[in-house]
>>> print(open('upload_12.txt').read())   # compact mmCIF, C-alpha atoms
# COMPACT_ATOMS: atom_id res chain seq x y z
CA MET A 130 -75.67 -41.84 -70.78
CA SER A 131 -73.98 -45.21 -70.74
CA LYS A 132 -74.82 -48.67 -69.54
CA ARG A 133 -72.37 -50.72 -67.47
CA LYS A 134 -73.87 -53.91 -66.07
CA ASN A 135 -76.98 -52.32 -64.52
CA ILE A 136 -75.06 -49.15 -63.79
CA LEU A 137 -76.82 -46.10 -65.20
CA GLN A 138 -74.47 -43.15 -65.65
CA ILE A 139 -76.01 -39.73 -66.07
CA PHE A 140 -74.78 -36.16 -65.75
CA GLU A 141 -75.83 -33.55 -63.21
CA HIS A 142 -79.09 -31.73 -64.08
CA SER A 143 -80.25 -34.71 -66.19
CA THR A 144 -83.80 -36.07 -66.00
CA LEU A 145 -85.03 -39.66 -65.64
CA TYR A 146 -88.66 -40.71 -66.23
CA TYR A 147 -89.97 -43.98 -64.84
CA GLY A 148 -91.18 -46.54 -67.32
CA ARG A 149 -88.54 -45.51 -69.84
CA GLU A 150 -85.40 -47.33 -70.88
CA TYR A 151 -82.01 -45.65 -70.88
CA ASN A 152 -79.50 -47.72 -72.87
CA ASP A 153 -81.44 -50.93 -72.13
CA ILE A 154 -81.79 -50.13 -68.41
CA THR A 155 -85.33 -49.49 -67.20
CA PHE A 156 -85.91 -46.78 -64.62
CA LYS A 157 -88.88 -48.20 -62.72
CA GLU A 158 -91.63 -46.61 -60.67
CA LYS A 159 -90.24 -48.18 -57.46
CA HIS A 160 -86.91 -46.44 -58.16
CA PHE A 161 -88.75 -43.14 -58.65
CA ASN A 162 -90.70 -43.61 -55.38
CA ALA A 163 -87.53 -44.41 -53.44
CA LEU A 164 -85.70 -41.35 -54.80
CA ALA A 165 -88.69 -39.13 -54.03
CA LYS A 166 -88.72 -40.40 -50.43
CA LEU A 167 -84.96 -39.90 -50.10
CA ASN A 168 -85.34 -36.34 -51.37
CA GLN A 169 -88.11 -35.67 -48.86
CA LEU A 170 -85.90 -36.88 -46.01
CA HIS A 171 -83.19 -34.41 -47.12
CA ASN A 172 -85.35 -31.28 -47.44
CA ASN A 173 -85.85 -31.78 -51.20
CA GLN A 174 -82.33 -30.62 -51.99
CA TYR A 175 -81.11 -33.54 -54.11
CA PHE A 176 -83.65 -33.57 -56.95
CA THR A 177 -86.69 -31.84 -58.41
CA ILE A 178 -89.71 -34.15 -58.55
CA LEU A 179 -91.48 -33.98 -61.90
CA HIS A 180 -94.56 -35.81 -63.21
CA LYS A 181 -93.26 -39.39 -63.44
CA GLY A 182 -89.71 -38.11 -63.36
CA ILE A 183 -86.70 -36.96 -61.38
CA LYS A 184 -84.57 -33.96 -62.40
CA PHE A 185 -81.16 -34.11 -60.78
CA SER A 186 -79.48 -30.98 -59.44
CA GLN A 187 -75.87 -30.06 -58.68
CA TYR A 188 -75.45 -33.14 -56.45
CA VAL A 189 -73.17 -35.80 -57.91
CA GLY A 190 -72.18 -39.24 -56.66
CA VAL A 191 -73.88 -42.60 -56.60
CA ILE A 192 -77.20 -44.12 -55.55
CA GLN A 193 -77.86 -47.85 -55.34
CA ILE A 194 -81.32 -49.32 -54.93
CA ASP A 195 -82.74 -52.75 -55.65
CA GLY A 196 -80.00 -53.85 -58.04
CA LEU A 197 -79.86 -50.53 -59.93
CA THR A 198 -76.89 -48.22 -59.53
CA ILE A 199 -77.27 -44.60 -60.67
CA GLU A 200 -73.98 -42.72 -60.95
CA ILE A 201 -74.40 -38.95 -61.27
CA LEU A 202 -71.36 -37.27 -62.82
CA PRO A 203 -70.30 -33.63 -63.09
CA LYS A 204 -69.95 -32.06 -66.51
CA ILE A 205 -69.36 -28.61 -67.94
CA ASP A 206 -71.84 -27.58 -70.61
CA GLY A 207 -70.32 -27.85 -74.05
CA GLY A 208 -67.97 -30.62 -73.03
CA ALA A 209 -68.02 -34.10 -74.52
CA SER A 210 -70.41 -36.58 -72.87
CA ASP A 211 -67.55 -38.88 -71.92
CA GLU A 212 -68.63 -40.74 -68.79
CA ILE A 213 -65.21 -42.29 -68.15
CA LEU A 214 -63.54 -38.87 -68.30
CA TRP A 215 -66.00 -37.18 -65.96
CA GLN A 216 -65.98 -40.11 -63.55
CA LYS A 217 -62.21 -39.70 -63.39
CA VAL A 218 -62.63 -35.94 -62.80
CA LEU A 219 -65.03 -36.60 -59.90
CA ILE A 220 -62.81 -39.28 -58.33
CA ASN A 221 -59.72 -37.07 -58.56
CA MET A 222 -61.56 -34.10 -57.05
CA LEU A 223 -62.69 -36.28 -54.16
CA ARG A 224 -59.16 -37.58 -53.76
CA ALA A 225 -57.55 -34.11 -53.87
CA THR A 226 -59.96 -32.79 -51.22
CA ARG A 227 -59.36 -35.91 -49.08
CA ARG A 228 -62.98 -37.01 -49.23
CA LEU A 229 -61.55 -40.11 -50.87
CA LYS A 230 -58.18 -41.49 -49.76
CA VAL A 231 -57.22 -44.17 -52.25
CA ASN A 232 -54.26 -44.57 -54.55
CA LYS A 233 -55.14 -47.67 -56.59
CA VAL A 234 -58.74 -48.22 -57.56
CA GLY A 235 -60.07 -51.75 -57.89
CA GLN A 236 -58.29 -55.06 -58.42
CA ALA A 237 -56.03 -55.74 -61.39
CA ASN A 238 -58.45 -58.24 -62.91
CA VAL A 239 -61.43 -55.91 -62.71
CA SER A 240 -62.19 -53.80 -65.77
CA LYS A 241 -62.59 -50.08 -65.11
CA GLN A 242 -65.90 -50.37 -66.93
CA GLN A 243 -67.34 -52.29 -63.96
CA ILE A 244 -66.27 -49.95 -61.16
CA HIS A 245 -68.39 -47.16 -59.74
CA LEU A 246 -68.01 -44.83 -56.80
CA LEU A 247 -69.59 -47.16 -54.23
CA ASP A 248 -67.09 -49.89 -55.16
CA ILE A 249 -64.25 -47.47 -54.49
CA TYR A 250 -65.52 -46.44 -51.06
CA PHE A 251 -66.36 -50.07 -50.16
CA GLU A 252 -62.92 -51.31 -51.17
CA TRP A 253 -61.24 -48.46 -49.28
CA PHE A 254 -63.18 -49.44 -46.14
CA LEU A 255 -62.45 -53.18 -46.51
CA ASN A 256 -58.75 -52.43 -46.95
CA GLU A 257 -58.78 -50.28 -43.81
CA ILE A 258 -60.41 -53.10 -41.79
CA GLN A 259 -57.93 -55.66 -43.11
CA LEU A 260 -55.09 -53.37 -42.05
CA LEU A 261 -56.58 -52.96 -38.56
CA VAL A 262 -57.01 -56.73 -38.15
CA HIS A 263 -53.42 -57.27 -39.32
CA GLN A 264 -52.08 -54.66 -36.89
CA GLY A 265 -54.19 -56.03 -34.03
CA LEU A 266 -57.63 -54.85 -32.95
CA ILE A 267 -57.93 -53.04 -29.65
CA LYS A 268 -59.89 -54.16 -26.62
CA GLN A 269 -61.83 -51.75 -24.44
CA TYR A 270 -63.66 -51.87 -21.13
CA ARG A 271 -67.45 -52.00 -21.30
CA SER A 272 -70.17 -52.41 -18.71
CA ASN A 273 -71.91 -55.78 -18.71
CA LYS A 274 -74.87 -57.03 -16.68
CA GLY A 275 -75.63 -60.70 -16.21
CA ASN A 276 -75.50 -63.86 -14.13
CA VAL A 277 -72.00 -64.98 -13.19
CA ARG A 278 -70.76 -67.86 -11.00
CA ALA A 279 -68.33 -65.72 -9.02
CA LEU A 280 -69.21 -62.43 -7.35
CA LYS A 281 -67.46 -59.61 -9.20
CA GLY A 282 -68.36 -56.02 -9.78
CA LYS A 283 -71.53 -54.60 -8.25
CA LEU A 284 -74.35 -56.93 -7.16
CA GLU A 285 -77.66 -55.83 -8.75
CA PHE A 286 -79.69 -56.80 -5.68
CA ALA A 287 -83.27 -56.62 -7.05
CA SER A 288 -82.42 -58.49 -10.23
CA HIS A 289 -80.34 -61.00 -8.26
CA LEU A 290 -83.28 -61.86 -5.98
CA ASN A 291 -85.67 -62.03 -8.93
CA ARG A 292 -83.52 -64.37 -11.02
CA ASN A 293 -81.53 -66.46 -8.54
CA LEU A 294 -83.93 -67.70 -5.87
CA ILE A 295 -83.28 -71.23 -7.08
CA HIS A 296 -79.72 -70.83 -8.42
CA LYS A 297 -77.95 -69.89 -5.20
CA GLU A 298 -74.56 -70.40 -6.85
CA ARG A 299 -75.11 -67.48 -9.27
CA PHE A 300 -74.84 -63.72 -8.87
CA PHE A 301 -76.50 -61.07 -11.04
CA THR A 302 -73.94 -58.29 -11.25
CA ALA A 303 -72.93 -55.20 -13.20
CA HIS A 304 -69.26 -55.60 -13.99
CA GLN A 305 -66.56 -54.39 -16.38
CA VAL A 306 -65.54 -56.61 -19.30
CA TYR A 307 -62.35 -56.04 -21.31
CA ASP A 308 -62.89 -57.39 -24.83
CA TYR A 309 -63.45 -56.61 -28.52
CA ASP A 310 -67.22 -56.07 -28.18
CA HIS A 311 -67.14 -52.28 -27.83
CA GLN A 312 -68.79 -49.39 -29.66
CA ILE A 313 -66.08 -48.76 -32.27
CA HIS A 314 -66.13 -52.38 -33.43
CA GLN A 315 -69.94 -52.39 -33.32
CA ILE A 316 -69.98 -49.39 -35.72
CA LEU A 317 -67.49 -51.02 -38.09
CA ALA A 318 -69.44 -54.30 -38.03
CA LEU A 319 -72.62 -52.44 -39.03
CA ALA A 320 -70.81 -50.83 -41.98
CA LEU A 321 -69.52 -54.28 -43.02
CA ASP A 322 -73.06 -55.63 -42.91
CA ILE A 323 -74.31 -52.81 -45.16
CA ILE A 324 -71.45 -53.43 -47.62
CA SER A 325 -72.28 -57.15 -47.74
CA GLN A 326 -75.86 -56.24 -48.73
CA PHE A 327 -74.84 -53.83 -51.48
CA SER A 328 -71.85 -55.75 -52.88
CA SER A 329 -73.76 -58.98 -53.53
CA GLY A 330 -72.97 -60.20 -57.01
CA THR A 331 -69.88 -58.00 -57.38
CA TYR A 332 -66.17 -58.73 -57.14
CA LEU A 333 -66.13 -57.20 -53.64
CA TYR A 334 -68.65 -59.61 -52.09
CA SER A 335 -66.19 -62.45 -51.39
CA LYS A 336 -63.66 -59.96 -50.02
CA CYS A 337 -66.33 -58.53 -47.71
CA LYS A 338 -67.25 -62.00 -46.44
CA THR A 339 -63.57 -62.78 -45.79
CA VAL A 340 -63.17 -59.55 -43.81
CA GLN A 341 -66.35 -60.29 -41.83
CA ALA A 342 -65.05 -63.79 -41.00
CA ASP A 343 -61.82 -62.29 -39.63
CA PHE A 344 -63.67 -59.62 -37.64
CA PRO A 345 -64.82 -60.46 -34.09
CA GLU A 346 -68.49 -61.08 -33.38
CA VAL A 347 -69.94 -58.05 -31.62
CA SER A 348 -73.31 -56.84 -30.38
CA TRP A 349 -75.71 -55.07 -32.74
CA ILE A 350 -76.41 -51.40 -31.98
CA ASN A 351 -78.43 -48.55 -33.49
CA VAL A 352 -76.07 -45.93 -34.92
CA SER A 353 -76.96 -42.30 -35.62
CA ASP A 354 -75.09 -39.06 -36.19
CA SER A 355 -74.94 -38.48 -32.43
CA THR A 356 -73.16 -41.86 -32.01
CA PHE A 357 -70.22 -40.56 -34.02
CA LYS A 358 -70.26 -37.16 -32.31
CA LYS A 359 -69.96 -38.85 -28.88
CA LEU A 360 -66.89 -40.89 -29.86
CA THR A 361 -63.83 -39.68 -27.98
CA PRO A 362 -60.66 -40.41 -29.98
CA ASN A 363 -57.42 -41.18 -28.15
CA ARG A 364 -53.95 -42.52 -28.94
CA LYS A 365 -55.15 -46.15 -28.99
CA THR A 366 -58.03 -45.45 -31.39
CA GLN A 367 -56.02 -43.23 -33.79
CA PRO A 368 -55.49 -46.09 -36.34
CA TYR A 369 -59.30 -46.39 -36.59
CA LYS A 370 -59.78 -42.79 -37.79
CA SER A 371 -60.11 -43.47 -41.55
CA ALA A 372 -62.25 -46.59 -41.08
CA LEU A 373 -64.64 -44.67 -38.80
CA GLU A 374 -64.86 -41.78 -41.29
CA ILE A 375 -65.89 -44.13 -44.09
CA ALA A 376 -68.22 -46.07 -41.77
CA ARG A 377 -69.93 -42.77 -40.90
CA LEU A 378 -70.41 -41.96 -44.59
CA ILE A 379 -71.82 -45.42 -45.34
CA ILE A 380 -74.07 -45.79 -42.28
CA LEU A 381 -75.57 -42.29 -42.28
CA ASN A 382 -76.33 -42.50 -46.00
CA PHE A 383 -77.93 -45.94 -45.74
CA ALA A 384 -81.72 -45.75 -45.88
CA PRO A 385 -83.37 -49.09 -45.06
CA ASN A 386 -86.97 -49.62 -46.13
CA ILE A 387 -87.17 -46.18 -47.70
CA SER A 388 -89.66 -47.04 -50.43
CA SER A 389 -92.35 -49.68 -50.20
CA GLY A 390 -90.83 -51.29 -47.11
CA LYS A 391 -88.68 -53.68 -49.14
CA GLU A 392 -85.92 -51.84 -50.99
CA ASN A 393 -82.83 -50.66 -49.18
CA MET A 394 -80.95 -47.69 -50.57
CA LEU A 395 -77.45 -46.29 -50.23
CA ALA A 396 -76.77 -42.79 -51.55
CA LEU A 397 -73.40 -41.03 -51.48
CA LEU A 398 -74.01 -37.56 -52.89
CA PHE A 399 -71.74 -34.52 -52.99
CA ASP A 400 -72.66 -30.91 -53.70
CA MET A 401 -70.52 -29.83 -56.68
CA ASN A 402 -70.55 -26.22 -55.47
CA SER A 403 -68.85 -27.30 -52.23
CA LEU A 404 -66.54 -29.77 -53.97
CA TRP A 405 -65.40 -27.17 -56.54
CA GLU A 406 -64.73 -24.68 -53.74
CA GLU A 407 -62.75 -27.26 -51.75
CA TYR A 408 -60.77 -28.32 -54.82
CA VAL A 409 -59.80 -24.74 -55.72
CA LEU A 410 -58.80 -24.04 -52.10
CA THR A 411 -56.73 -27.26 -51.94
CA MET A 412 -54.93 -26.45 -55.20
CA LEU A 413 -54.17 -22.89 -54.07
CA LYS A 414 -52.81 -24.08 -50.72
CA ALA A 415 -50.54 -26.51 -52.57
CA VAL A 416 -48.72 -23.62 -54.29
CA GLN A 417 -45.41 -22.88 -52.56
CA LYS A 418 -44.62 -19.18 -52.93
CA GLU A 419 -43.12 -16.56 -50.67
CA ASP A 420 -45.49 -14.18 -48.89
CA LEU A 421 -48.50 -16.28 -49.99
CA VAL A 422 -51.24 -16.98 -47.45
CA VAL A 423 -54.44 -18.73 -48.54
CA LYS A 424 -57.45 -18.95 -46.24
CA GLY A 425 -60.83 -20.62 -46.72
CA GLN A 426 -64.16 -19.67 -45.13
CA GLU A 427 -62.75 -16.72 -43.16
CA SER A 428 -65.70 -14.85 -41.64
CA LYS A 429 -66.21 -11.32 -40.33
CA SER A 430 -69.08 -9.73 -38.44
CA PHE A 431 -71.38 -7.80 -40.75
CA TRP A 432 -74.54 -6.66 -39.01
CA ASN A 433 -76.36 -7.53 -35.78
CA GLY A 434 -74.70 -10.93 -35.32
CA ILE A 435 -74.78 -11.78 -39.04
CA LYS A 436 -71.42 -12.71 -40.54
CA ILE A 437 -70.13 -12.66 -44.10
CA ARG A 438 -67.71 -15.22 -45.46
CA PRO A 439 -66.07 -15.35 -48.90
CA ASP A 440 -64.98 -18.75 -50.16
CA ILE A 441 -61.28 -17.91 -50.37
CA VAL A 442 -59.08 -15.00 -49.25
CA ILE A 443 -55.53 -14.69 -50.62
CA HIS A 444 -52.81 -12.51 -49.15
CA LYS A 445 -49.84 -12.09 -51.53
CA SER A 446 -47.07 -9.71 -50.46
CA ASP A 447 -48.96 -6.48 -49.62
CA LYS A 448 -52.09 -7.31 -51.65
CA THR A 449 -55.32 -9.07 -50.73
CA PHE A 450 -57.63 -10.86 -53.16
CA VAL A 451 -61.07 -12.35 -52.60
CA ILE A 452 -62.42 -15.32 -54.58
CA ASP A 453 -65.90 -16.79 -54.74
CA THR A 454 -66.21 -20.07 -56.64
CA LYS A 455 -69.29 -20.89 -58.74
CA TRP A 456 -69.87 -24.35 -60.24
CA LYS A 457 -71.93 -23.30 -63.23
CA ASN A 458 -71.54 -22.39 -66.86
CA ILE A 459 -71.21 -18.60 -67.29
CA VAL A 460 -70.86 -18.68 -71.10
CA GLY A 461 -72.99 -15.92 -72.61
CA TYR A 462 -74.20 -14.69 -69.24
CA LYS A 463 -73.30 -11.96 -66.80
CA PRO A 464 -73.01 -12.55 -63.05
CA SER A 465 -76.06 -11.75 -60.97
CA THR A 466 -76.42 -8.37 -59.31
CA ASN A 467 -76.45 -10.13 -55.92
CA ASP A 468 -73.11 -11.82 -56.68
CA LEU A 469 -71.56 -8.45 -57.65
CA ARG A 470 -72.92 -6.74 -54.53
CA GLN A 471 -71.46 -9.55 -52.46
CA MET A 472 -68.03 -9.17 -54.09
CA TYR A 473 -68.07 -5.41 -53.49
CA VAL A 474 -68.77 -5.94 -49.79
CA TYR A 475 -66.01 -8.57 -49.58
CA ASN A 476 -63.55 -6.10 -51.12
CA GLU A 477 -64.55 -3.46 -48.60
CA TYR A 478 -64.39 -5.68 -45.50
CA TRP A 479 -61.17 -7.51 -46.39
CA GLY A 480 -59.27 -4.48 -47.73
CA SER A 481 -59.08 -6.04 -51.17
CA ASN A 482 -58.93 -4.18 -54.47
CA ASN A 483 -59.66 -7.16 -56.72
CA ALA A 484 -62.39 -9.74 -56.33
CA LEU A 485 -62.74 -12.78 -58.60
CA LEU A 486 -65.84 -14.83 -59.41
CA LEU A 487 -64.31 -18.15 -60.52
CA TYR A 488 -66.16 -20.49 -62.89
CA PRO A 489 -65.17 -23.86 -64.37
CA SER A 490 -64.71 -23.89 -68.11
CA LEU A 491 -63.22 -25.87 -70.97
CA GLU A 492 -61.07 -22.92 -71.98
CA THR A 493 -59.15 -20.53 -69.73
CA GLU A 494 -59.81 -16.86 -70.38
CA LYS A 495 -57.77 -13.99 -68.98
CA PRO A 496 -60.06 -12.06 -66.62
CA GLU A 497 -60.72 -8.36 -67.01
CA PHE A 498 -60.93 -6.55 -63.67
CA ILE A 499 -63.56 -3.84 -64.02
CA ALA A 500 -64.05 -1.12 -61.41
CA PHE A 501 -67.40 -0.68 -59.71
CA GLU A 502 -69.17 2.52 -60.81
CA GLY A 503 -68.02 5.46 -58.69
CA ASP A 504 -65.30 3.47 -56.90
CA GLU A 505 -62.08 2.96 -58.83
CA ASN A 506 -60.43 1.19 -55.88
CA HIS A 507 -62.77 -1.79 -55.95
CA LYS A 508 -62.76 -4.09 -58.98
CA CYS A 509 -64.29 -7.42 -59.88
CA ALA A 510 -63.67 -9.93 -62.68
CA LEU A 511 -65.05 -13.18 -64.04
CA GLY A 512 -62.49 -15.97 -64.08
CA LYS A 513 -63.06 -18.84 -66.51
CA LEU A 514 -60.67 -21.68 -65.83
CA ASN A 515 -60.14 -24.85 -67.84
CA ILE A 516 -60.43 -27.64 -65.29
CA LEU A 517 -59.19 -30.29 -67.73
CA ASP A 518 -55.68 -31.09 -68.84
CA GLY A 519 -56.29 -33.28 -71.86
CA ASP A 520 -58.12 -36.36 -70.61
CA LYS A 521 -57.59 -35.67 -66.91
CA LEU A 522 -58.22 -33.09 -64.20
CA ASN A 523 -56.05 -29.97 -64.37
CA GLU A 524 -53.84 -30.14 -61.28
CA ASN A 525 -52.06 -26.85 -62.06
CA ILE A 526 -55.03 -24.59 -61.44
CA GLY A 527 -53.55 -23.10 -58.25
CA VAL A 528 -50.73 -21.48 -60.22
CA GLU A 529 -53.11 -20.47 -63.02
CA ILE A 530 -55.47 -18.72 -60.57
CA LEU A 531 -52.62 -16.74 -59.05
CA GLU A 532 -51.59 -15.68 -62.55
CA MET A 533 -55.18 -14.53 -63.16
CA LEU A 534 -55.07 -12.34 -60.05
CA GLN A 535 -51.82 -10.72 -61.18
CA SER A 536 -53.27 -9.90 -64.62
CA ASP A 537 -54.80 -6.60 -63.50
>>> encode(input="upload_12.txt", output="structure tokens")
Amino acid sequence: MSKRKNILQIFEHSTLYYGREYNDITFKEKHFNALAKLNQLHNNQYFTILHKGIKFSQYVGVIQIDGLTIEILPKIDGGASDEILWQKVLINMLRATRRLKVNKVGQANVSKQQIHLLDIYFEWFLNEIQLLVHQGLIKQYRSNKGNVRALKGKLEFASHLNRNLIHKERFFTAHQVYDYDHQIHQILALALDIISQFSSGTYLYSKCKTVQADFPEVSWINVSDSTFKKLTPNRKTQPYKSALEIARLIILNFAPNISSGKENMLALLFDMNSLWEEYVLTMLKAVQKEDLVVKGQESKSFWNGIKIRPDIVIHKSDKTFVIDTKWKNIVGYKPSTNDLRQMYVYNEYWGSNNALLLYPSLETEKPEFIAFEGDENHKCALGKLNILDGDKLNENIGVEILEMLQSD
């Protein structure tokens, strides 16, 4: 663990107990209570609640609450506890899978030691808003009700009589207004407000306030998941796509008053199983080879409406391979019987001879494809792949995986 200006960095599957200090940072009971409530709201999938403690799972990312930032980093067992290295691995995985679209992280005068994942997402969002303002924000029609001095739109007769018995010169109408105060800008303004709360005291706070000053004043709205689902993109709103994606991430992961009614929390957490799968798929699709087709999450009907779906299916020339990715340390262990049964079924349904269970490692090992008992046509292997290239993420794993598959 390391301390970086009230930033507590830990690794996945670590445990924190309240009342204890970790490198001079105290994990308090209010932090524990807030995390327990967050976990409850998300079906207890993020952590395991212990007596006076939290045991983290395979979810990585960042949580900020009441001035404390907890950054949860991935790590392979046996690897060095180098927070800077594993933060870089996480950021580059997020970037490769397009969950994070940034090239330069932070400002030149900001030490890398002070930046965490929330900063990166906040700065990405602020840059997107600045670009939109520079290019020119769009106006949209919206319905507006109110008293006006000239009759326009539809007269709301009951409200008009109720409000304008004295003011005969006014009309209460429902009419269309063409301005900046529409739903897209209202969503972005809410995300800006959340960032201003969580960036206080950081290098991003003044930038956020500058962006807010340049952004038009709009009405406040409640935003939920359904708000984003109902948005209908068109040619005019296309430039807003990235900003809305980040706003969705920020707003839907913001939990106001989650603990004792005082502390606000923002949690951006990613399942390493899903991220590892996405990264492997992305790296395989990046390989340019003849007769190579890579597909992710391809499903087939299995039984009575139930479908089966391997992580990755590869078609190379006249051969088919099936891959299931597993983000866990397999050193000294054998795969579970359920995993092997699953791989056998995948082989059968996709016409594949070789199936690969792919694990992250610190050392690549050539897989040995072993036939299932009584069926020489169907084989399975464990693939251990070094995800690091020195002090950075291995970006050549697509080629290395294909070489593994050809090793039979």
>>> closest_residue(input="upload_12.txt", among="A:Ile313, A:Val340, A:Ala163, A:Leu321", to="Leu360 of chain A", atoms="only C-alpha atoms")
A:Ile313
>>> closest_residue(input="upload_12.txt", among="A:His507, A:Lys358, A:Lys184, A:His444", to="Lys414 of chain A", atoms="only C-alpha atoms")
A:His444
>>> closest_residue(input="upload_12.txt", among="A:Glu150, A:Tyr334, A:Leu398, A:Trp349", to="Gln187 of chain A", atoms="only C-alpha atoms")
A:Leu398
>>> atom_distance(input="upload_12.txt", atom1="atom CA of Gln326 of chain A", atom2="atom CA of Ile379 of chain A")
12.0 Å
>>> closest_residue(input="upload_12.txt", among="A:Phe344, A:Phe501, A:Asn221, A:Ala396", to="Thr466 of chain A", atoms="only C-alpha atoms")
A:Phe501
>>> residues_around(input="upload_12.txt", residues="Ser348 of chain A", least_positions_apart="4", cutoff="12 Å", atoms="only C-alpha atoms", output="PyMOL selection string")
chain A and resi 271+273+308-319
>>> atom_distance(input="upload_12.txt", atom1="atom CA of Ile530 of chain A", atom2="atom CA of Glu406 of chain A")
13.0 Å
>>> closest_residue(input="upload_12.txt", among="A:Ser325, A:Asn382, A:Lys495, A:Asp153", to="Phe399 of chain A", atoms="only C-alpha atoms")
A:Asn382
>>> atom_distance(input="upload_12.txt", atom1="atom CA of Ile435 of chain A", atom2="atom CA of Trp405 of chain A")
25.1 Å
>>> residues_around(input="upload_12.txt", residues="Ser403 of chain A", least_positions_apart="3", cutoff="12 Å", atoms="all atoms listed in the file", output="VMD selection string")
chain A and resid 187 to 189 222 to 223 226 228 398 to 400 406 to 410 425 to 426 440 453 to 456
>>> closest_residue(input="upload_12.txt", among="A:Thr366, A:Asn168, A:Ser329, A:Ser446", to="Lys268 of chain A", atoms="only C-alpha atoms")
A:Thr366
>>> axis_aligned_box(input="upload_12.txt", around="segment 198-211 of chain A", padding_each_side="5 Å", output="AutoDock Vina command-line options")
--center_x -72.4 --center_y -37.9 --center_z -67.0 --size_x 19.7 --size_y 30.6 --size_z 25.0
>>> residues_around(input="upload_12.txt", residues="Leu202 of chain A", least_positions_apart="2", cutoff="12 Å", atoms="all atoms listed in the file", output="ChimeraX atom specification")
/A:130-131,137-143,185-192,199-200,204-205,210-220,222,245-246,398-401
>>> residues_around(input="upload_12.txt", residues="Asp447 of chain A", least_positions_apart="4", cutoff="12 Å", atoms="only C-alpha atoms", output="mmCIF file with C-alpha atoms, keeping the file's coordinate frame")
data_model
loop_
_atom_site.group_PDB
_atom_site.id
_atom_site.type_symbol
_atom_site.label_atom_id
_atom_site.label_comp_id
_atom_site.auth_asym_id
_atom_site.auth_seq_id
_atom_site.Cartn_x
_atom_site.Cartn_y
_atom_site.Cartn_z
ATOM 1 C CA GLU A 419 -43.120 -16.560 -50.670
ATOM 2 C CA ASP A 420 -45.490 -14.180 -48.890
ATOM 3 C CA LEU A 421 -48.500 -16.280 -49.990
ATOM 4 C CA VAL A 422 -51.240 -16.980 -47.450
ATOM 5 C CA ILE A 443 -55.530 -14.690 -50.620
ATOM 6 C CA GLY A 480 -59.270 -4.480 -47.730
ATOM 7 C CA SER A 481 -59.080 -6.040 -51.170
ATOM 8 C CA ASN A 482 -58.930 -4.180 -54.470
#
>>> residues_around(input="upload_12.txt", residues="Lys513 of chain A", least_positions_apart="6", cutoff="10 Å", atoms="all atoms listed in the file", output="number ranges by chain")
A: 458-460, 485-496, 530, 533
>>> closest_atom_pairs(input="upload_12.txt", of="segment 330-432 of chain A", to="segment 259-265 of chain A", cutoff="12 Å", atoms="only C-alpha atoms", output="CSV")
residue,atom,partner,partner_atom,distance
A:Lys336,CA,A:Gln259,CA,10.0
A:Cys337,CA,A:Gln259,CA,10.0
A:Lys338,CA,A:Gln259,CA,11.8
A:Thr339,CA,A:Gln259,CA,9.5
A:Val340,CA,A:Gln259,CA,6.6
A:Gln341,CA,A:Gln259,CA,9.7
A:Ala342,CA,A:Gln259,CA,11.0
A:Asp343,CA,A:Val262,CA,7.5
A:Phe344,CA,A:Val262,CA,7.3
A:Pro345,CA,A:Val262,CA,9.6
A:Lys365,CA,A:Gly265,CA,11.1
A:Thr366,CA,A:Leu261,CA,10.5
A:Gln367,CA,A:Leu261,CA,10.9
A:Pro368,CA,A:Leu261,CA,7.3
A:Tyr369,CA,A:Leu261,CA,7.4
A:Lys370,CA,A:Leu261,CA,10.7
A:Ser371,CA,A:Leu261,CA,10.6
A:Ala372,CA,A:Leu261,CA,8.9
A:Leu373,CA,A:Leu261,CA,11.6
